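Peer 1: File protein-v8.pdb follows (PDB, C-alpha atoms, pLDDT in the B column):
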ATOM      1  CA  MET A  17     -21.568   0.299  -6.524  1.00 73.00           C
ATOM      2  CA  GLY A  18     -18.117   1.786  -6.851  1.00 92.00           C
ATOM      3  CA  ILE A  19     -15.021   3.089  -5.167  1.00 96.00           C
ATOM      4  CA  ILE A  20     -15.387   6.162  -2.977  1.00 96.00           C
ATOM      5  CA  PHE A  21     -12.135   8.011  -2.422  1.00 97.00           C
ATOM      6  CA  GLY A  22     -11.275   9.787   0.804  1.00 96.00           C
ATOM      7  CA  ASN A  23      -8.435  12.138   1.706  1.00 97.00           C
ATOM      8  CA  ARG A  24      -4.782  11.362   1.322  1.00 97.00           C
ATOM      9  CA  GLU A  25      -3.035  12.215   4.579  1.00 96.00           C
ATOM     10  CA  PHE A  26       0.386  12.236   6.187  1.00 95.00           C
ATOM     11  CA  ILE A  27       0.615   9.495   8.823  1.00 92.00           C
ATOM     12  CA  ASP A  28       3.224  10.717  11.261  1.00 91.00           C
ATOM     13  CA  GLU A  29       6.078  13.081  10.485  1.00 89.00           C
ATOM     14  CA  THR A  30       8.076  11.902  13.493  1.00 88.00           C
ATOM     15  CA  ALA A  31       7.886   8.115  13.308  1.00 87.00           C
ATOM     16  CA  LEU A  32       7.361   7.757   9.556  1.00 90.00           C
ATOM     17  CA  PRO A  33       8.422  11.028   7.872  1.00 92.00           C
ATOM     18  CA  GLY A  34       6.848  11.464   4.449  1.00 94.00           C
ATOM     19  CA  ALA A  35       4.543   8.451   4.782  1.00 94.00           C
ATOM     20  CA  GLN A  36       1.016   9.010   3.458  1.00 96.00           C
ATOM     21  CA  VAL A  37      -2.187   7.001   3.379  1.00 95.00           C
ATOM     22  CA  GLN A  38      -4.786   7.205   0.604  1.00 97.00           C
ATOM     23  CA  HIS A  39      -8.226   6.304   1.895  1.00 96.00           C
ATOM     24  CA  PHE A  40     -10.963   4.697  -0.145  1.00 96.00           C
ATOM     25  CA  SER A  41     -13.972   2.514   0.522  1.00 96.00           C
ATOM     26  CA  LEU A  42     -15.829  -0.236  -1.272  1.00 95.00           C
ATOM     27  CA  SER A  43     -19.165  -1.706  -0.219  1.00 92.00           C
ATOM     28  CA  GLY A  44     -18.852  -0.309   3.298  1.00 91.00           C
ATOM     29  CA  THR A  45     -15.279  -1.502   3.922  1.00 93.00           C
ATOM     30  CA  ASP A  46     -12.577   1.139   4.400  1.00 93.00           C
ATOM     31  CA  TYR A  47      -9.160   0.585   2.845  1.00 94.00           C
ATOM     32  CA  GLY A  48      -5.836   2.352   2.991  1.00 94.00           C
ATOM     33  CA  ALA A  49      -2.967   2.377   0.544  1.00 96.00           C
ATOM     34  CA  LEU A  50       0.059   3.323   2.609  1.00 93.00           C
ATOM     35  CA  PHE A  51       3.104   4.884   0.920  1.00 96.00           C
ATOM     36  CA  ILE A  52       6.262   4.837   3.028  1.00 94.00           C
ATOM     37  CA  PRO A  53       9.509   6.430   1.811  1.00 94.00           C
ATOM     38  CA  ARG A  54      12.265   3.818   1.752  1.00 93.00           C
ATOM     39  CA  PRO A  55      14.545   5.842   4.084  1.00 89.00           C
ATOM     40  CA  ALA A  56      11.764   5.986   6.704  1.00 87.00           C
ATOM     41  CA  TRP A  57      11.439   2.236   7.015  1.00 81.00           C
ATOM     42  CA  ASP A  58      13.616  -0.836   7.437  1.00 78.00           C
ATOM     43  CA  GLU A  59      15.162  -2.540   4.430  1.00 84.00           C
ATOM     44  CA  HIS A  60      13.459  -5.909   4.855  1.00 86.00           C
ATOM     45  CA  THR A  61      10.971  -5.577   1.971  1.00 88.00           C
ATOM     46  CA  ALA A  62      13.350  -3.593  -0.256  1.00 93.00           C
ATOM     47  CA  VAL A  63      16.041  -6.273  -0.002  1.00 93.00           C
ATOM     48  CA  LYS A  64      13.509  -9.046  -0.630  1.00 92.00           C
ATOM     49  CA  VAL A  65      12.082  -7.266  -3.699  1.00 94.00           C
ATOM     50  CA  SER A  66      15.553  -6.515  -5.097  1.00 95.00           C
ATOM     51  CA  GLN A  67      16.670 -10.113  -4.690  1.00 94.00           C
ATOM     52  CA  GLU A  68      13.487 -11.677  -6.019  1.00 94.00           C
ATOM     53  CA  LEU A  69      13.115  -9.367  -9.035  1.00 95.00           C
ATOM     54  CA  GLY A  70      16.813  -8.813  -9.740  1.00 95.00           C
ATOM     55  CA  VAL A  71      16.382  -5.023  -9.922  1.00 95.00           C
ATOM     56  CA  ASP A  72      17.952  -2.144  -8.022  1.00 95.00           C
ATOM     57  CA  LEU A  73      15.371  -0.063  -6.209  1.00 96.00           C
ATOM     58  CA  PRO A  74      16.009   3.699  -6.063  1.00 96.00           C
ATOM     59  CA  ASP A  75      17.049   4.955  -2.620  1.00 94.00           C
ATOM     60  CA  ASP A  76      14.060   7.296  -2.499  1.00 94.00           C
ATOM     61  CA  ALA A  77      11.437   4.800  -3.744  1.00 97.00           C
ATOM     62  CA  TYR A  78       8.222   4.214  -1.787  1.00 97.00           C
ATOM     63  CA  GLU A  79       7.123   0.965  -0.173  1.00 95.00           C
ATOM     64  CA  ILE A  80       3.402   0.302  -0.628  1.00 95.00           C
ATOM     65  CA  LYS A  81       1.309  -1.464   1.981  1.00 91.00           C
ATOM     66  CA  PHE A  82      -2.330  -2.188   1.292  1.00 91.00           C
ATOM     67  CA  ASP A  83      -4.986  -3.498   3.648  1.00 89.00           C
ATOM     68  CA  THR A  84      -8.268  -2.672   5.318  1.00 89.00           C
ATOM     69  CA  LEU A  85      -7.999   0.410   7.511  1.00 86.00           C
ATOM     70  CA  ASP A  86      -8.852  -1.768  10.498  1.00 80.00           C
ATOM     71  CA  SER A  87      -5.731  -3.825   9.876  1.00 80.00           C
ATOM     72  CA  LEU A  88      -3.509  -0.889   8.879  1.00 78.00           C
ATOM     73  CA  LEU A  89      -4.426   1.686  11.470  1.00 71.00           C
ATOM     74  CA  ASP A  90      -6.512   0.174  14.210  1.00 65.00           C
ATOM     75  CA  GLU A  91      -5.238   0.622  17.741  1.00 61.00           C
ATOM     76  CA  ASN A  92      -5.281  -3.168  18.050  1.00 63.00           C
ATOM     77  CA  PRO A  93      -3.742  -4.052  14.702  1.00 56.00           C
ATOM     78  CA  ALA A  94      -4.218  -7.448  13.105  1.00 55.00           C
ATOM     79  CA  HIS A  95      -0.991  -9.313  12.559  1.00 58.00           C
ATOM     80  CA  GLY A  96      -0.510 -10.719   9.085  1.00 65.00           C
ATOM     81  CA  TYR A  97      -3.058 -11.135   6.345  1.00 69.00           C
ATOM     82  CA  ARG A  98      -6.668 -11.926   7.248  1.00 75.00           C
ATOM     83  CA  THR A  99      -9.352 -12.869   4.736  1.00 79.00           C
ATOM     84  CA  ARG A 100     -12.716 -11.128   4.663  1.00 83.00           C
ATOM     85  CA  TYR A 101     -14.164 -14.257   6.231  1.00 84.00           C
ATOM     86  CA  GLN A 102     -11.683 -13.972   9.109  1.00 81.00           C
ATOM     87  CA  LEU A 103     -12.645 -10.307   9.467  1.00 80.00           C
ATOM     88  CA  GLY A 104     -16.303 -11.326   9.728  1.00 85.00           C
ATOM     89  CA  LEU A 105     -17.209  -9.772   6.358  1.00 86.00           C
ATOM     90  CA  ALA A 106     -19.218 -11.217   3.480  1.00 88.00           C
ATOM     91  CA  PRO A 107     -17.083 -12.467   0.569  1.00 89.00           C
ATOM     92  CA  TYR A 108     -16.624 -10.171  -2.406  1.00 91.00           C
ATOM     93  CA  SER A 109     -18.119 -10.921  -5.808  1.00 92.00           C
ATOM     94  CA  LEU A 110     -15.796 -11.036  -8.805  1.00 92.00           C
ATOM     95  CA  MET A 111     -16.961  -7.538  -9.748  1.00 93.00           C
ATOM     96  CA  GLU A 112     -16.125  -6.227  -6.279  1.00 94.00           C
ATOM     97  CA  LEU A 113     -12.685  -7.863  -6.400  1.00 93.00           C
ATOM     98  CA  ASN A 114     -12.033  -6.101  -9.699  1.00 93.00           C
ATOM     99  CA  LEU A 115     -13.207  -2.803  -8.226  1.00 94.00           C
ATOM    100  CA  LEU A 116     -10.965  -3.277  -5.194  1.00 95.00           C
ATOM    101  CA  GLY A 117      -7.984  -3.757  -7.506  1.00 95.00           C
ATOM    102  CA  SER A 118      -8.874  -0.656  -9.468  1.00 95.00           C
ATOM    103  CA  GLY A 119      -9.092   1.301  -6.194  1.00 96.00           C
ATOM    104  CA  LEU A 120      -5.579   0.225  -5.219  1.00 96.00           C
ATOM    105  CA  LEU A 121      -4.138   1.008  -8.630  1.00 95.00           C
ATOM    106  CA  GLU A 122      -5.895   4.370  -8.820  1.00 96.00           C
ATOM    107  CA  SER A 123      -4.470   5.172  -5.356  1.00 97.00           C
ATOM    108  CA  ILE A 124      -0.962   4.531  -6.699  1.00 97.00           C
ATOM    109  CA  SER A 125      -1.744   6.563  -9.788  1.00 96.00           C
ATOM    110  CA  LEU A 126      -3.113   9.528  -7.776  1.00 97.00           C
ATOM    111  CA  PHE A 127      -0.047   9.467  -5.534  1.00 97.00           C
ATOM    112  CA  ASP A 128       2.333   9.312  -8.487  1.00 97.00           C
ATOM    113  CA  GLN A 129       0.595  12.209 -10.251  1.00 95.00           C
ATOM    114  CA  ASP A 130       1.601  14.456  -7.344  1.00 96.00           C
ATOM    115  CA  ILE A 131       4.839  12.946  -6.090  1.00 95.00           C
ATOM    116  CA  HIS A 132       6.429  11.557  -9.280  1.00 95.00           C
ATOM    117  CA  GLY A 133       8.272   8.979  -7.210  1.00 96.00           C
ATOM    118  CA  SER A 134      11.388   7.277  -8.563  1.00 97.00           C
ATOM    119  CA  GLY A 135       9.780   3.923  -7.856  1.00 97.00           C
ATOM    120  CA  TYR A 136       7.254   1.917  -5.838  1.00 97.00           C
ATOM    121  CA  TYR A 137       7.550  -1.593  -4.464  1.00 96.00           C
ATOM    122  CA  GLY A 138       5.808  -4.104  -2.232  1.00 94.00           C
ATOM    123  CA  CYS A 139       5.281  -7.754  -1.372  1.00 91.00           C
ATOM    124  CA  ALA A 140       2.181  -9.858  -0.743  1.00 88.00           C
ATOM    125  CA  VAL A 141       1.828 -10.256   3.027  1.00 77.00           C
ATOM    126  CA  ASP A 142       3.305 -13.526   4.305  1.00 70.00           C
ATOM    127  CA  ASP A 143       3.708 -14.638   0.648  1.00 72.00           C
ATOM    128  CA  ASN A 144       0.017 -15.580   0.856  1.00 81.00           C
ATOM    129  CA  PRO A 145      -0.828 -17.627  -2.300  1.00 86.00           C
ATOM    130  CA  GLN A 146      -4.319 -16.099  -2.685  1.00 86.00           C
ATOM    131  CA  LEU A 147      -2.912 -12.591  -2.475  1.00 85.00           C
ATOM    132  CA  CYS A 148      -0.088 -13.430  -4.897  1.00 90.00           C
ATOM    133  CA  HIS A 149      -2.614 -14.742  -7.398  1.00 90.00           C
ATOM    134  CA  TYR A 150      -4.808 -11.670  -6.996  1.00 90.00           C
ATOM    135  CA  TYR A 151      -1.939  -9.184  -7.361  1.00 91.00           C
ATOM    136  CA  LYS A 152      -0.596 -11.061 -10.356  1.00 91.00           C
ATOM    137  CA  ARG A 153      -3.952 -10.760 -12.090  1.00 92.00           C
ATOM    138  CA  LEU A 154      -3.935  -7.015 -11.438  1.00 92.00           C
ATOM    139  CA  TYR A 155      -0.361  -6.795 -12.720  1.00 92.00           C
ATOM    140  CA  ARG A 156      -1.290  -8.525 -15.968  1.00 92.00           C
ATOM    141  CA  ARG A 157      -4.370  -6.385 -16.406  1.00 91.00           C
ATOM    142  CA  TYR A 158      -2.909  -2.970 -15.561  1.00 92.00           C
ATOM    143  CA  GLY A 159       0.858  -3.245 -16.158  1.00 92.00           C
ATOM    144  CA  ALA A 160       0.566  -1.420 -19.488  1.00 92.00           C
ATOM    145  CA  HIS A 161      -1.031   1.620 -17.817  1.00 93.00           C
ATOM    146  CA  PHE A 162       1.974   2.044 -15.559  1.00 94.00           C
ATOM    147  CA  LEU A 163       4.340   1.625 -18.479  1.00 95.00           C
ATOM    148  CA  ALA A 164       2.458   4.406 -20.271  1.00 94.00           C
ATOM    149  CA  SER A 165       3.031   6.598 -17.177  1.00 93.00           C
ATOM    150  CA  GLY A 166       6.780   6.011 -17.336  1.00 95.00           C
ATOM    151  CA  LEU A 167       6.833   3.337 -14.634  1.00 96.00           C
ATOM    152  CA  THR A 168       8.290  -0.007 -15.710  1.00 96.00           C
ATOM    153  CA  PRO A 169       6.483  -2.834 -13.907  1.00 95.00           C
ATOM    154  CA  TYR A 170       8.312  -5.881 -12.527  1.00 95.00           C
ATOM    155  CA  THR A 171       7.095  -9.035 -10.817  1.00 94.00           C
ATOM    156  CA  SER A 172       8.429 -12.476  -9.998  1.00 89.00           C
ATOM    157  CA  ASP A 173       7.200 -15.819 -11.327  1.00 87.00           C
ATOM    158  CA  ARG A 174       5.421 -16.533  -8.049  1.00 87.00           C
ATOM    159  CA  GLY A 175       3.855 -13.074  -7.986  1.00 88.00           C
ATOM    160  CA  THR A 176       5.165 -12.414  -4.475  1.00 92.00           C
ATOM    161  CA  CYS A 177       6.993  -9.134  -5.102  1.00 94.00           C
ATOM    162  CA  TYR A 178       6.249  -6.100  -7.251  1.00 95.00           C
ATOM    163  CA  ALA A 179       8.096  -2.995  -8.328  1.00 96.00           C
ATOM    164  CA  PHE A 180       7.257  -0.058 -10.583  1.00 97.00           C
ATOM    165  CA  ILE A 181      10.383   1.870 -11.445  1.00 97.00           C
ATOM    166  CA  ARG A 182      10.685   5.157 -13.288  1.00 96.00           C
ATOM    167  CA  GLU A 183      13.351   4.469 -15.898  1.00 86.00           C
TER     168      GLU A 183
ATOM    169  CA  MET B  14      23.658 -18.046  13.467  1.00 38.00           C
ATOM    170  CA  HIS B  15      22.184 -16.711  16.695  1.00 40.00           C
ATOM    171  CA  LEU B  16      23.387 -13.260  15.869  1.00 41.00           C
ATOM    172  CA  TYR B  17      21.503 -13.274  12.570  1.00 41.00           C
ATOM    173  CA  ALA B  18      18.374 -14.648  14.209  1.00 44.00           C
ATOM    174  CA  ASN B  19      18.519 -12.047  16.969  1.00 47.00           C
ATOM    175  CA  ASP B  20      19.174  -9.228  14.512  1.00 54.00           C
ATOM    176  CA  ASP B  21      16.146 -10.267  12.504  1.00 57.00           C
ATOM    177  CA  THR B  22      13.945 -10.368  15.590  1.00 59.00           C
ATOM    178  CA  THR B  23      15.196  -6.974  16.697  1.00 67.00           C
ATOM    179  CA  GLN B  24      14.481  -5.497  13.280  1.00 65.00           C
ATOM    180  CA  GLN B  25      10.964  -6.934  13.271  1.00 64.00           C
ATOM    181  CA  GLN B  26      10.366  -5.624  16.786  1.00 71.00           C
ATOM    182  CA  ARG B  27      11.665  -2.182  15.781  1.00 71.00           C
ATOM    183  CA  LYS B  28       9.399  -2.204  12.742  1.00 70.00           C
ATOM    184  CA  ALA B  29       6.344  -3.182  14.803  1.00 73.00           C
ATOM    185  CA  ALA B  30       7.151  -0.548  17.431  1.00 78.00           C
ATOM    186  CA  THR B  31       7.620   2.174  14.819  1.00 80.00           C
ATOM    187  CA  ILE B  32       4.334   1.512  13.052  1.00 79.00           C
ATOM    188  CA  GLU B  33       2.580   1.247  16.409  1.00 81.00           C
ATOM    189  CA  VAL B  34       3.890   4.666  17.464  1.00 85.00           C
ATOM    190  CA  ALA B  35       2.951   6.158  14.088  1.00 86.00           C
ATOM    191  CA  ARG B  36      -0.508   4.586  14.210  1.00 86.00           C
ATOM    192  CA  LYS B  37      -1.278   5.926  17.678  1.00 87.00           C
ATOM    193  CA  ARG B  38      -0.060   9.424  16.889  1.00 89.00           C
ATOM    194  CA  TYR B  39      -1.982   9.449  13.613  1.00 89.00           C
ATOM    195  CA  LEU B  40      -5.217   8.346  15.306  1.00 89.00           C
ATOM    196  CA  ALA B  41      -4.766  10.937  18.065  1.00 91.00           C
ATOM    197  CA  ALA B  42      -4.107  13.688  15.510  1.00 91.00           C
ATOM    198  CA  LYS B  43      -7.123  12.593  13.463  1.00 89.00           C
ATOM    199  CA  ARG B  44      -9.378  12.753  16.523  1.00 91.00           C
ATOM    200  CA  GLN B  45      -8.137  16.297  17.119  1.00 94.00           C
ATOM    201  CA  GLY B  46      -8.623  17.246  13.455  1.00 91.00           C
ATOM    202  CA  LYS B  47      -4.894  17.934  13.072  1.00 92.00           C
ATOM    203  CA  VAL B  48      -4.031  15.491  10.281  1.00 92.00           C
ATOM    204  CA  ASN B  49      -2.224  17.075   7.357  1.00 94.00           C
ATOM    205  CA  VAL B  50      -4.222  16.392   4.179  1.00 96.00           C
ATOM    206  CA  SER B  51      -2.219  16.202   0.951  1.00 96.00           C
ATOM    207  CA  LEU B  52      -5.111  15.340  -1.375  1.00 97.00           C
ATOM    208  CA  SER B  53      -8.712  16.087  -0.462  1.00 97.00           C
ATOM    209  CA  ALA B  54     -11.423  13.486  -0.899  1.00 97.00           C
ATOM    210  CA  GLU B  55     -13.243  15.756  -3.362  1.00 97.00           C
ATOM    211  CA  GLU B  56     -10.152  16.227  -5.531  1.00 97.00           C
ATOM    212  CA  ALA B  57      -9.281  12.508  -5.393  1.00 96.00           C
ATOM    213  CA  GLN B  58     -12.815  11.559  -6.434  1.00 95.00           C
ATOM    214  CA  LYS B  59     -12.772  14.150  -9.229  1.00 95.00           C
ATOM    215  CA  ARG B  60      -9.483  12.841 -10.597  1.00 95.00           C
ATOM    216  CA  ALA B  61     -10.574   9.209 -10.231  1.00 93.00           C
ATOM    217  CA  GLN B  62     -13.640   9.871 -12.373  1.00 91.00           C
ATOM    218  CA  LYS B  63     -11.255  10.219 -15.314  1.00 88.00           C
ATOM    219  CA  SER B  64      -9.563   6.984 -14.307  1.00 89.00           C
ATOM    220  CA  VAL B  65      -8.563   4.268 -16.728  1.00 86.00           C
ATOM    221  CA  PHE B  66      -9.014   1.713 -13.972  1.00 88.00           C
ATOM    222  CA  ARG B  67     -12.802   1.441 -14.280  1.00 84.00           C
ATOM    223  CA  LEU B  68     -13.852   2.374 -10.781  1.00 86.00           C
ATOM    224  CA  SER B  69     -17.602   1.879 -11.063  1.00 78.00           C
TER     225      SER B  69
END
Could you render the structure from this file as structure tokens?

Peer 2:
Amino acid sequence: MGIIFGNREFIDETALPGAQVQHFSLSGTDYGALFIPRPAWDEHTAVKVSQELGVDLPDDAYEIKFDTLDSLLDENPAHGYRTRYQLGLAPYSLMELNLLGSGLLESISLFDQDIHGSGYYGCAVDDNPQLCHYYKRLYRRYGAHFLASGLTPYTSDRGTCYAFIRE
Amino acid sequence: MHLYANDDTTQQQRKAATIEVARKRYLAAKRQGKVNVSLSAEEAQKRAQKSVFRLS
């Protein structure tokens, strides 16, 4: 069992210039970590993250969205966060949940190795409490790795918003 | 008040429309084998094997 990485690809140079998706799979489920340049998107998440964390996000930072590929890219996209149960999938074991987190963080790391972005930010979809708890665990576990890469990690008490800023 | 509410709705609608357009064009390009790859699966897997994130 493990993470299998796929390509990283540009999404659409017209609608979302510079946006890329890193593919990976775990236990037969395909995931995508989507990196969208801040200028290519609206300011909704950036403003929320700035206000909640009390930090200024660089103008050229990247917003990160993470979900199953079905939810991210399907022609009939799901709206909002859906659990594996709601997607008709078997629940993950604790080991699989840890692997999923490592897949997301490695996706960010792979992207940053090439792009050296000024910062990355994101929010848990719909402020979902389960997601906030999960992301906060990842933050506690892996924050030091980002710091070692020159990216200062930030989160809020509730664990809703995240930012990694190159200082 | 209404102005703010309407602005918010418009922004959300714009956002949904933009991602929908991008999604459709991406899927069409992928079907035609025209997606621009910035990191190959082989290279990503090779780099991830040295990962500190314990991938397997």

Peer 1: If you take only C-alpha atoms and a cut-off of 7 Å, which residues of chain A touch chain B, and what are their nearest atom pairs and distances in Å to one decimal, in chain and number order, as JSON lines?

Peer 2:
{"residue": "A:Met17", "atom": "CA", "partner": "B:Ser69", "partner_atom": "CA", "distance": 6.2}
{"residue": "A:Gly18", "atom": "CA", "partner": "B:Ser69", "partner_atom": "CA", "distance": 4.2}
{"residue": "A:Ile19", "atom": "CA", "partner": "B:Leu68", "partner_atom": "CA", "distance": 5.8}
{"residue": "A:Ile20", "atom": "CA", "partner": "B:Gln58", "partner_atom": "CA", "distance": 6.9}
{"residue": "A:Phe21", "atom": "CA", "partner": "B:Gln58", "partner_atom": "CA", "distance": 5.4}
{"residue": "A:Gly22", "atom": "CA", "partner": "B:Ala54", "partner_atom": "CA", "distance": 4.1}
{"residue": "A:Asn23", "atom": "CA", "partner": "B:Ala54", "partner_atom": "CA", "distance": 4.2}
{"residue": "A:Arg24", "atom": "CA", "partner": "B:Leu52", "partner_atom": "CA", "distance": 4.8}
{"residue": "A:Glu25", "atom": "CA", "partner": "B:Val50", "partner_atom": "CA", "distance": 4.4}
{"residue": "A:Phe26", "atom": "CA", "partner": "B:Asn49", "partner_atom": "CA", "distance": 5.6}
{"residue": "A:Ile27", "atom": "CA", "partner": "B:Tyr39", "partner_atom": "CA", "distance": 5.4}
{"residue": "A:Asp28", "atom": "CA", "partner": "B:Ala35", "partner_atom": "CA", "distance": 5.4}
{"residue": "A:Ala31", "atom": "CA", "partner": "B:Ala35", "partner_atom": "CA", "distance": 5.4}
{"residue": "A:Leu32", "atom": "CA", "partner": "B:Ala35", "partner_atom": "CA", "distance": 6.5}
{"residue": "A:Asp58", "atom": "CA", "partner": "B:Lys28", "partner_atom": "CA", "distance": 6.9}
{"residue": "A:Leu89", "atom": "CA", "partner": "B:Arg36", "partner_atom": "CA", "distance": 5.6}
{"residue": "A:Glu91", "atom": "CA", "partner": "B:Lys37", "partner_atom": "CA", "distance": 6.6}
{"residue": "A:Leu115", "atom": "CA", "partner": "B:Leu68", "partner_atom": "CA", "distance": 5.8}
{"residue": "A:Ser118", "atom": "CA", "partner": "B:Phe66", "partner_atom": "CA", "distance": 5.1}
{"residue": "A:Gly119", "atom": "CA", "partner": "B:Leu68", "partner_atom": "CA", "distance": 6.7}
{"residue": "A:Glu122", "atom": "CA", "partner": "B:Phe66", "partner_atom": "CA", "distance": 6.6}

Peer 1: I need the residues from that last selection saved to file as an mmCIF file, keeping the file's coordinate frame (with C-alpha atoms), if you can.

Peer 2:
data_model
loop_
_atom_site.group_PDB
_atom_site.id
_atom_site.type_symbol
_atom_site.label_atom_id
_atom_site.label_comp_id
_atom_site.auth_asym_id
_atom_site.auth_seq_id
_atom_site.Cartn_x
_atom_site.Cartn_y
_atom_site.Cartn_z
ATOM 1 C CA MET A 17 -21.568 0.299 -6.524
ATOM 2 C CA GLY A 18 -18.117 1.786 -6.851
ATOM 3 C CA ILE A 19 -15.021 3.089 -5.167
ATOM 4 C CA ILE A 20 -15.387 6.162 -2.977
ATOM 5 C CA PHE A 21 -12.135 8.011 -2.422
ATOM 6 C CA GLY A 22 -11.275 9.787 0.804
ATOM 7 C CA ASN A 23 -8.435 12.138 1.706
ATOM 8 C CA ARG A 24 -4.782 11.362 1.322
ATOM 9 C CA GLU A 25 -3.035 12.215 4.579
ATOM 10 C CA PHE A 26 0.386 12.236 6.187
ATOM 11 C CA ILE A 27 0.615 9.495 8.823
ATOM 12 C CA ASP A 28 3.224 10.717 11.261
ATOM 13 C CA ALA A 31 7.886 8.115 13.308
ATOM 14 C CA LEU A 32 7.361 7.757 9.556
ATOM 15 C CA ASP A 58 13.616 -0.836 7.437
ATOM 16 C CA LEU A 89 -4.426 1.686 11.470
ATOM 17 C CA GLU A 91 -5.238 0.622 17.741
ATOM 18 C CA LEU A 115 -13.207 -2.803 -8.226
ATOM 19 C CA SER A 118 -8.874 -0.656 -9.468
ATOM 20 C CA GLY A 119 -9.092 1.301 -6.194
ATOM 21 C CA GLU A 122 -5.895 4.370 -8.820
#

Peer 1: So the first atom is CA of Phe51 in chain A and the second is CA of Ile131 in chain A; what is the distance between them in Å, to one decimal place?

Peer 2: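 These atoms are spaced 10.8 Å apart.
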
Peer 1: What separation in Å, quoted to one decimal, exists between CA of Gln45 in chain B and CA of Leu120 in chain A?

Peer 2: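 Straight-line distance from CA of Gln45 in chain B to CA of Leu120 in chain A works out to 27.6 Å.
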
Peer 1: Between A:Phe82, A:Phe180, A:Trp57, A:Phe40, which one has atoms that come closest to Gly133 in chain A, using all atoms listed in the file?

Peer 2: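 Distance minimum relative to Gly133 in chain A lands on A:Phe180.
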
Peer 1: Going by the chain IDs and residue numbers used in this file, which residues fall under the PyMOL selection byres ((chain A and resi 53) around 7)? Write them as a VMD selection string.

Peer 2: chain A and resid 34 to 35 51 to 52 54 to 57 76 to 79

Peer 1: Take CA of Thr84 in chain A and CA of Tyr108 in chain A and report the distance between them in Å, one decimal.

Peer 2: 13.6 Å

Peer 1: Considering only C-alpha atoms, return as a list in words whatever protein or nucleic-acid residues lie within 10 Å of Asp72 in chain A, sequence-local ones (same chain, fewer than 5 positions apart) excluded.

Peer 2: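 Listing them by chain and then by number gives Ala62, Val63, Val65, Ser66, Gln67, Ala179 and Ile181 of chain A.
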
Peer 1: Kindly list the centre and edge lengths in Å, rounded to one decimal, for the axis-aligned box that covers all listed atoms of range 17-29 of chain A plus 6 Å on each of its six sides, as AutoDock Vina command-line options.

Peer 2:
--center_x -7.7 --center_y 6.7 --center_z 2.2 --size_x 39.6 --size_y 24.8 --size_z 30.1

Peer 1: With all atoms listed in the file as the atoms that count, which of A:Ala164, A:Ala106, A:Leu126, A:Ala140 lies nearest to Thr45 in chain A?

Peer 2: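 Closest to Thr45 in chain A of all the choices is A:Ala106.
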
Peer 1: Fewer than 5 positions away in the same chain doesn't count, so skip those; otherwise give me all residues within 12 Å of range 144-158 of chain A, counting only C-alpha atoms, as a ChimeraX atom specification.

Peer 2: /A:82-83,96-99,110,113-122,124-125,138-139,163-165,167-180 /B:65-67

Peer 1: Counting all atoms listed in the file, which of A:Gln36, A:Ser41, A:Thr61, A:Asp46 gets nearest to Asp143 in chain A?

Peer 2: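 Among A:Gln36, A:Ser41, A:Thr61, A:Asp46, it is A:Thr61 that comes nearest to Asp143 in chain A.
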
Peer 1: Ranking A:Gly159, A:Gly48, A:Gly135, A:Gly166 by minimum distance to Ser87 in chain A and counting only C-alpha atoms, which one comes first?

Peer 2: A:Gly48
